[in-house]
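To be precise, the following lines are start.cif, and they hold mmCIF, N, CA and C atoms.
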```
data_my_file
#
loop_
_atom_site.label_atom_id
_atom_site.label_comp_id
_atom_site.auth_asym_id
_atom_site.auth_seq_id
_atom_site.Cartn_x
_atom_site.Cartn_y
_atom_site.Cartn_z
N MET L 81 -4.31 221.91 -12.32
CA MET L 81 -3.93 222.72 -11.18
C MET L 81 -5.04 223.72 -10.89
N LYS L 82 -5.75 223.43 -9.85
CA LYS L 82 -6.91 224.24 -9.50
C LYS L 82 -6.55 225.68 -9.18
N TRP L 83 -5.39 225.93 -8.58
CA TRP L 83 -5.04 227.31 -8.22
C TRP L 83 -4.86 228.17 -9.44
N ILE L 84 -4.40 227.61 -10.56
CA ILE L 84 -4.28 228.39 -11.80
C ILE L 84 -5.67 228.80 -12.28
N THR L 85 -6.61 227.88 -12.21
CA THR L 85 -7.99 228.17 -12.59
C THR L 85 -8.55 229.27 -11.70
N ASN L 86 -8.27 229.21 -10.40
CA ASN L 86 -8.77 230.23 -9.47
C ASN L 86 -8.17 231.60 -9.76
N VAL L 87 -6.91 231.65 -10.12
CA VAL L 87 -6.27 232.93 -10.44
C VAL L 87 -6.90 233.53 -11.69
N LYS L 88 -7.11 232.72 -12.70
CA LYS L 88 -7.76 233.20 -13.93
C LYS L 88 -9.18 233.68 -13.64
N PHE L 89 -9.88 232.94 -12.81
CA PHE L 89 -11.26 233.29 -12.45
C PHE L 89 -11.29 234.63 -11.72
N MET L 90 -10.41 234.80 -10.74
CA MET L 90 -10.37 236.05 -9.98
C MET L 90 -10.03 237.22 -10.90
N ASP L 91 -9.11 237.02 -11.82
CA ASP L 91 -8.75 238.08 -12.76
C ASP L 91 -9.94 238.45 -13.64
N ARG L 92 -10.71 237.46 -14.05
CA ARG L 92 -11.91 237.72 -14.86
C ARG L 92 -12.93 238.56 -14.09
N VAL L 93 -13.15 238.21 -12.83
CA VAL L 93 -14.11 238.95 -12.00
C VAL L 93 -13.65 240.40 -11.82
N VAL L 94 -12.37 240.60 -11.52
CA VAL L 94 -11.85 241.95 -11.33
C VAL L 94 -11.97 242.75 -12.62
N CYS L 95 -11.68 242.15 -13.76
CA CYS L 95 -11.83 242.85 -15.05
C CYS L 95 -13.27 243.27 -15.29
N LEU L 96 -14.22 242.41 -14.98
CA LEU L 96 -15.64 242.76 -15.12
C LEU L 96 -15.99 243.94 -14.21
N MET L 97 -15.46 243.93 -13.00
CA MET L 97 -15.75 245.01 -12.06
C MET L 97 -15.15 246.33 -12.54
N LYS L 98 -13.96 246.29 -13.09
CA LYS L 98 -13.32 247.50 -13.58
C LYS L 98 -14.10 248.10 -14.74
N ARG L 99 -14.74 247.26 -15.55
CA ARG L 99 -15.55 247.73 -16.68
C ARG L 99 -16.98 248.04 -16.28
N LYS L 100 -17.30 247.84 -15.00
CA LYS L 100 -18.67 247.98 -14.51
C LYS L 100 -19.61 247.08 -15.30
N GLY L 101 -19.14 245.86 -15.54
CA GLY L 101 -19.89 244.93 -16.38
C GLY L 101 -20.37 243.68 -15.68
N THR L 102 -20.45 243.71 -14.34
CA THR L 102 -20.90 242.51 -13.65
C THR L 102 -22.41 242.38 -13.65
N GLY L 103 -23.11 243.51 -13.62
CA GLY L 103 -24.55 243.47 -13.41
C GLY L 103 -24.83 243.15 -11.95
N ASP L 104 -26.07 242.82 -11.64
CA ASP L 104 -26.40 242.44 -10.26
C ASP L 104 -25.94 241.00 -10.00
N ALA L 105 -26.25 240.49 -8.82
CA ALA L 105 -25.80 239.15 -8.44
C ALA L 105 -26.34 238.08 -9.39
N ILE L 106 -27.56 238.24 -9.85
CA ILE L 106 -28.16 237.25 -10.76
C ILE L 106 -27.43 237.26 -12.10
N ALA L 107 -27.19 238.45 -12.64
CA ALA L 107 -26.49 238.56 -13.92
C ALA L 107 -25.05 238.04 -13.81
N LEU L 108 -24.38 238.37 -12.71
CA LEU L 108 -23.01 237.91 -12.53
C LEU L 108 -22.96 236.39 -12.40
N ALA L 109 -23.94 235.84 -11.72
CA ALA L 109 -24.01 234.38 -11.58
C ALA L 109 -24.12 233.71 -12.95
N LYS L 110 -24.91 234.28 -13.83
CA LYS L 110 -25.04 233.72 -15.19
C LYS L 110 -23.72 233.83 -15.96
N LYS L 111 -23.07 234.99 -15.83
CA LYS L 111 -21.79 235.19 -16.54
C LYS L 111 -20.72 234.23 -16.05
N LEU L 112 -20.73 233.95 -14.76
CA LEU L 112 -19.71 233.09 -14.17
C LEU L 112 -20.13 231.63 -14.10
N GLU L 113 -21.35 231.35 -14.53
CA GLU L 113 -21.91 230.00 -14.51
C GLU L 113 -21.84 229.40 -13.10
N MET L 114 -22.39 230.15 -12.16
CA MET L 114 -22.47 229.69 -10.77
C MET L 114 -23.79 230.16 -10.17
N SER L 115 -24.06 229.73 -8.97
CA SER L 115 -25.31 230.13 -8.32
C SER L 115 -25.20 231.54 -7.75
N GLU L 116 -26.34 232.15 -7.53
CA GLU L 116 -26.37 233.49 -6.93
C GLU L 116 -25.76 233.45 -5.53
N ARG L 117 -26.03 232.39 -4.81
CA ARG L 117 -25.46 232.23 -3.47
C ARG L 117 -23.93 232.23 -3.51
N ASN L 118 -23.36 231.54 -4.51
CA ASN L 118 -21.90 231.51 -4.64
C ASN L 118 -21.34 232.87 -5.03
N VAL L 119 -22.11 233.66 -5.78
CA VAL L 119 -21.68 235.02 -6.11
C VAL L 119 -21.58 235.85 -4.83
N HIS L 120 -22.58 235.74 -3.98
CA HIS L 120 -22.55 236.48 -2.71
C HIS L 120 -21.36 236.02 -1.85
N ARG L 121 -21.09 234.73 -1.87
CA ARG L 121 -19.95 234.19 -1.13
C ARG L 121 -18.64 234.73 -1.71
N LEU L 122 -18.55 234.78 -3.04
CA LEU L 122 -17.36 235.29 -3.72
C LEU L 122 -17.11 236.76 -3.37
N ILE L 123 -18.16 237.57 -3.41
CA ILE L 123 -18.03 239.00 -3.08
C ILE L 123 -17.57 239.15 -1.63
N LYS L 124 -18.13 238.36 -0.73
CA LYS L 124 -17.73 238.41 0.67
C LYS L 124 -16.25 238.05 0.82
N GLU L 125 -15.82 236.99 0.14
CA GLU L 125 -14.42 236.57 0.23
C GLU L 125 -13.48 237.62 -0.35
N MET L 126 -13.90 238.27 -1.44
CA MET L 126 -13.07 239.32 -2.02
C MET L 126 -12.93 240.48 -1.05
N ARG L 127 -14.02 240.86 -0.41
CA ARG L 127 -13.96 241.95 0.58
C ARG L 127 -13.04 241.58 1.74
N GLU L 128 -13.15 240.34 2.21
CA GLU L 128 -12.30 239.88 3.31
C GLU L 128 -10.82 239.87 2.92
N ALA L 129 -10.55 239.64 1.63
CA ALA L 129 -9.16 239.63 1.13
C ALA L 129 -8.63 241.04 0.91
N GLY L 130 -9.52 242.05 1.04
CA GLY L 130 -9.06 243.43 0.92
C GLY L 130 -9.48 244.15 -0.35
N PHE L 131 -10.23 243.49 -1.23
CA PHE L 131 -10.72 244.16 -2.43
C PHE L 131 -11.85 245.11 -2.03
N PRO L 132 -11.80 246.37 -2.46
CA PRO L 132 -12.83 247.35 -2.08
C PRO L 132 -14.07 247.24 -2.97
N VAL L 133 -14.78 246.12 -2.87
CA VAL L 133 -15.95 245.84 -3.71
C VAL L 133 -17.19 246.50 -3.13
N VAL L 134 -17.90 247.24 -3.95
CA VAL L 134 -19.18 247.84 -3.57
C VAL L 134 -20.16 247.61 -4.72
N TYR L 135 -21.44 247.73 -4.40
CA TYR L 135 -22.46 247.65 -5.45
C TYR L 135 -22.88 249.06 -5.80
N CYS L 136 -22.77 249.41 -7.08
CA CYS L 136 -23.14 250.74 -7.55
C CYS L 136 -24.57 250.68 -8.09
N LYS L 137 -25.47 251.43 -7.46
CA LYS L 137 -26.87 251.43 -7.89
C LYS L 137 -27.05 252.13 -9.23
N VAL L 138 -26.19 253.09 -9.54
CA VAL L 138 -26.29 253.82 -10.81
C VAL L 138 -25.98 252.90 -11.99
N SER L 139 -24.84 252.20 -11.92
CA SER L 139 -24.45 251.31 -13.02
C SER L 139 -25.04 249.91 -12.85
N GLN L 140 -25.70 249.67 -11.71
CA GLN L 140 -26.27 248.36 -11.38
C GLN L 140 -25.23 247.26 -11.59
N SER L 141 -24.08 247.47 -10.96
CA SER L 141 -22.97 246.55 -11.11
C SER L 141 -22.08 246.59 -9.87
N TYR L 142 -21.43 245.47 -9.61
CA TYR L 142 -20.39 245.48 -8.58
C TYR L 142 -19.18 246.17 -9.17
N VAL L 143 -18.56 247.03 -8.40
CA VAL L 143 -17.40 247.79 -8.88
C VAL L 143 -16.35 247.82 -7.77
N LEU L 144 -15.15 248.22 -8.17
CA LEU L 144 -14.09 248.45 -7.19
C LEU L 144 -14.13 249.92 -6.81
N GLU L 145 -14.26 250.19 -5.53
CA GLU L 145 -14.40 251.56 -5.03
C GLU L 145 -13.15 252.39 -5.33
N GLN L 146 -12.02 251.74 -5.41
CA GLN L 146 -10.78 252.43 -5.76
C GLN L 146 -9.93 251.47 -6.57
N SER L 147 -8.96 252.01 -7.27
CA SER L 147 -8.08 251.20 -8.10
C SER L 147 -7.27 250.25 -7.23
N VAL L 148 -7.09 249.04 -7.70
CA VAL L 148 -6.32 248.06 -6.95
C VAL L 148 -5.22 247.46 -7.81
N THR L 149 -4.18 247.05 -7.15
CA THR L 149 -3.12 246.27 -7.77
C THR L 149 -3.04 244.99 -6.97
N TYR L 150 -2.99 243.87 -7.64
CA TYR L 150 -2.92 242.62 -6.93
C TYR L 150 -1.92 241.71 -7.61
N GLU L 151 -1.42 240.79 -6.83
CA GLU L 151 -0.39 239.89 -7.33
C GLU L 151 -0.60 238.52 -6.69
N PHE L 152 -0.50 237.48 -7.50
CA PHE L 152 -0.60 236.12 -6.99
C PHE L 152 0.79 235.50 -7.07
N ARG L 153 1.20 234.84 -6.01
CA ARG L 153 2.53 234.26 -5.95
C ARG L 153 2.47 232.84 -5.42
N LEU L 154 3.33 232.01 -5.95
CA LEU L 154 3.49 230.67 -5.43
C LEU L 154 4.95 230.51 -5.07
N ASN L 155 5.21 230.29 -3.81
CA ASN L 155 6.58 230.07 -3.34
C ASN L 155 6.70 228.63 -2.88
N VAL L 156 7.74 227.96 -3.37
CA VAL L 156 8.00 226.59 -2.96
C VAL L 156 9.39 226.58 -2.35
N GLY L 157 9.48 226.22 -1.10
CA GLY L 157 10.76 226.26 -0.41
C GLY L 157 11.24 227.70 -0.31
N ASP L 158 12.51 227.91 -0.56
CA ASP L 158 13.09 229.24 -0.49
C ASP L 158 13.10 229.94 -1.84
N GLU L 159 12.71 229.23 -2.90
CA GLU L 159 12.78 229.80 -4.24
C GLU L 159 11.40 230.23 -4.72
N GLU L 160 11.35 231.38 -5.35
CA GLU L 160 10.11 231.82 -5.97
C GLU L 160 10.07 231.20 -7.35
N LEU L 161 9.17 230.23 -7.54
CA LEU L 161 9.12 229.51 -8.80
C LEU L 161 8.16 230.11 -9.81
N LEU L 162 7.11 230.71 -9.31
CA LEU L 162 6.10 231.22 -10.23
C LEU L 162 5.55 232.52 -9.68
N ARG L 163 5.39 233.49 -10.56
CA ARG L 163 4.83 234.77 -10.14
C ARG L 163 3.84 235.19 -11.21
N ILE L 164 2.60 235.39 -10.81
CA ILE L 164 1.55 235.79 -11.73
C ILE L 164 1.05 237.14 -11.28
N LYS L 165 1.21 238.14 -12.11
CA LYS L 165 0.70 239.47 -11.78
C LYS L 165 -0.67 239.62 -12.39
N GLY L 166 -1.59 240.22 -11.64
CA GLY L 166 -2.93 240.43 -12.15
C GLY L 166 -3.16 241.87 -12.54
N GLY L 167 -4.28 242.11 -13.12
CA GLY L 167 -4.66 243.47 -13.45
C GLY L 167 -4.59 243.79 -14.92
N ARG L 168 -3.78 243.07 -15.65
CA ARG L 168 -3.72 243.28 -17.10
C ARG L 168 -3.14 242.05 -17.76
N GLN L 169 -3.47 241.87 -19.00
CA GLN L 169 -2.96 240.74 -19.75
C GLN L 169 -1.59 241.09 -20.31
N PRO L 170 -0.60 240.22 -20.12
CA PRO L 170 0.71 240.52 -20.69
C PRO L 170 0.66 240.42 -22.21
N ARG L 171 1.42 241.27 -22.85
CA ARG L 171 1.50 241.23 -24.30
C ARG L 171 2.69 240.37 -24.69
N LEU L 172 2.47 239.50 -25.63
CA LEU L 172 3.55 238.65 -26.10
C LEU L 172 4.25 239.33 -27.26
N GLU L 173 5.55 239.39 -27.18
CA GLU L 173 6.32 239.97 -28.25
C GLU L 173 6.96 238.86 -29.05
N LEU L 174 6.79 238.91 -30.34
CA LEU L 174 7.39 237.91 -31.20
C LEU L 174 8.71 238.44 -31.74
N ILE L 175 9.76 237.71 -31.51
CA ILE L 175 11.09 238.15 -31.92
C ILE L 175 11.52 237.30 -33.10
N GLY L 176 12.00 237.95 -34.13
CA GLY L 176 12.52 237.24 -35.28
C GLY L 176 11.47 236.76 -36.27
N ILE L 177 10.27 237.23 -36.13
CA ILE L 177 9.21 236.85 -37.06
C ILE L 177 8.81 238.06 -37.84
N GLU L 178 8.83 237.95 -39.14
CA GLU L 178 8.44 239.07 -39.99
C GLU L 178 7.15 238.75 -40.71
N ASN L 179 6.33 239.76 -40.91
CA ASN L 179 5.07 239.58 -41.65
C ASN L 179 5.28 239.91 -43.09
#
```

Representation of the structure as structure tokens:
Amino acid sequence: MKWITNVKFMDRVVCLMKRKGTGDAIALAKKLEMSERNVHRLIKEMREAGFPVVYCKVSQSYVLEQSVTYEFRLNVGDEELLRIKGGRQPRLELIGIEN
């Protein structure tokens, strides 16, 4: 399912931006294993989707100008079958297991 891969990919990019860890377009391309041209396309698409992405010359990294909350949803018919919230990794709680 390609859309699941895309959601994970977008979450990875946003996490890098929040940590100011993208570097410039060349460095980000290496981290994401894509071309520099595709990085520029990705940044453009994120901006068009409403992400406040800017390049910070001080940290030499793409960053989010303000905090964002985002949510990915898949609706099939009238029922919401899957809801993936972004921005943080969910913690799994183990019930009934003792160490």

Non-local contacts of L:Gln146 (9 Å; only C-alpha atoms; under 5 positions in same chain excluded) as an NGL selection string: :L and (131-133)

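Straight-line separation from atom CA of L:Lys82 to atom CA of L:Ala105: 24.1 Å.
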
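Distance-wise, atom CA of L:Thr149 and atom CA of L:Ser115 end up 27.4 Å apart.
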
Between atom N of L:Arg99 and atom C of L:Val148, what distance in Å does the model show, to one decimal?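 Going from atom N of L:Arg99 over to atom C of L:Val148, I get 12.3 Å.
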
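Residue membership of the PyMOL selection byres ((chain L and resi 102) around 8) in the shown file amounts to Val93, Cys95, Leu96, Met97, Lys98, Arg99, Lys100, Gly101, Gly103, Asp104, Ala105, Ile106, Ala107, Leu108, Ala109, Lys111, Ser139, Gln140, Ser141, Tyr142 and Val143 of chain L.
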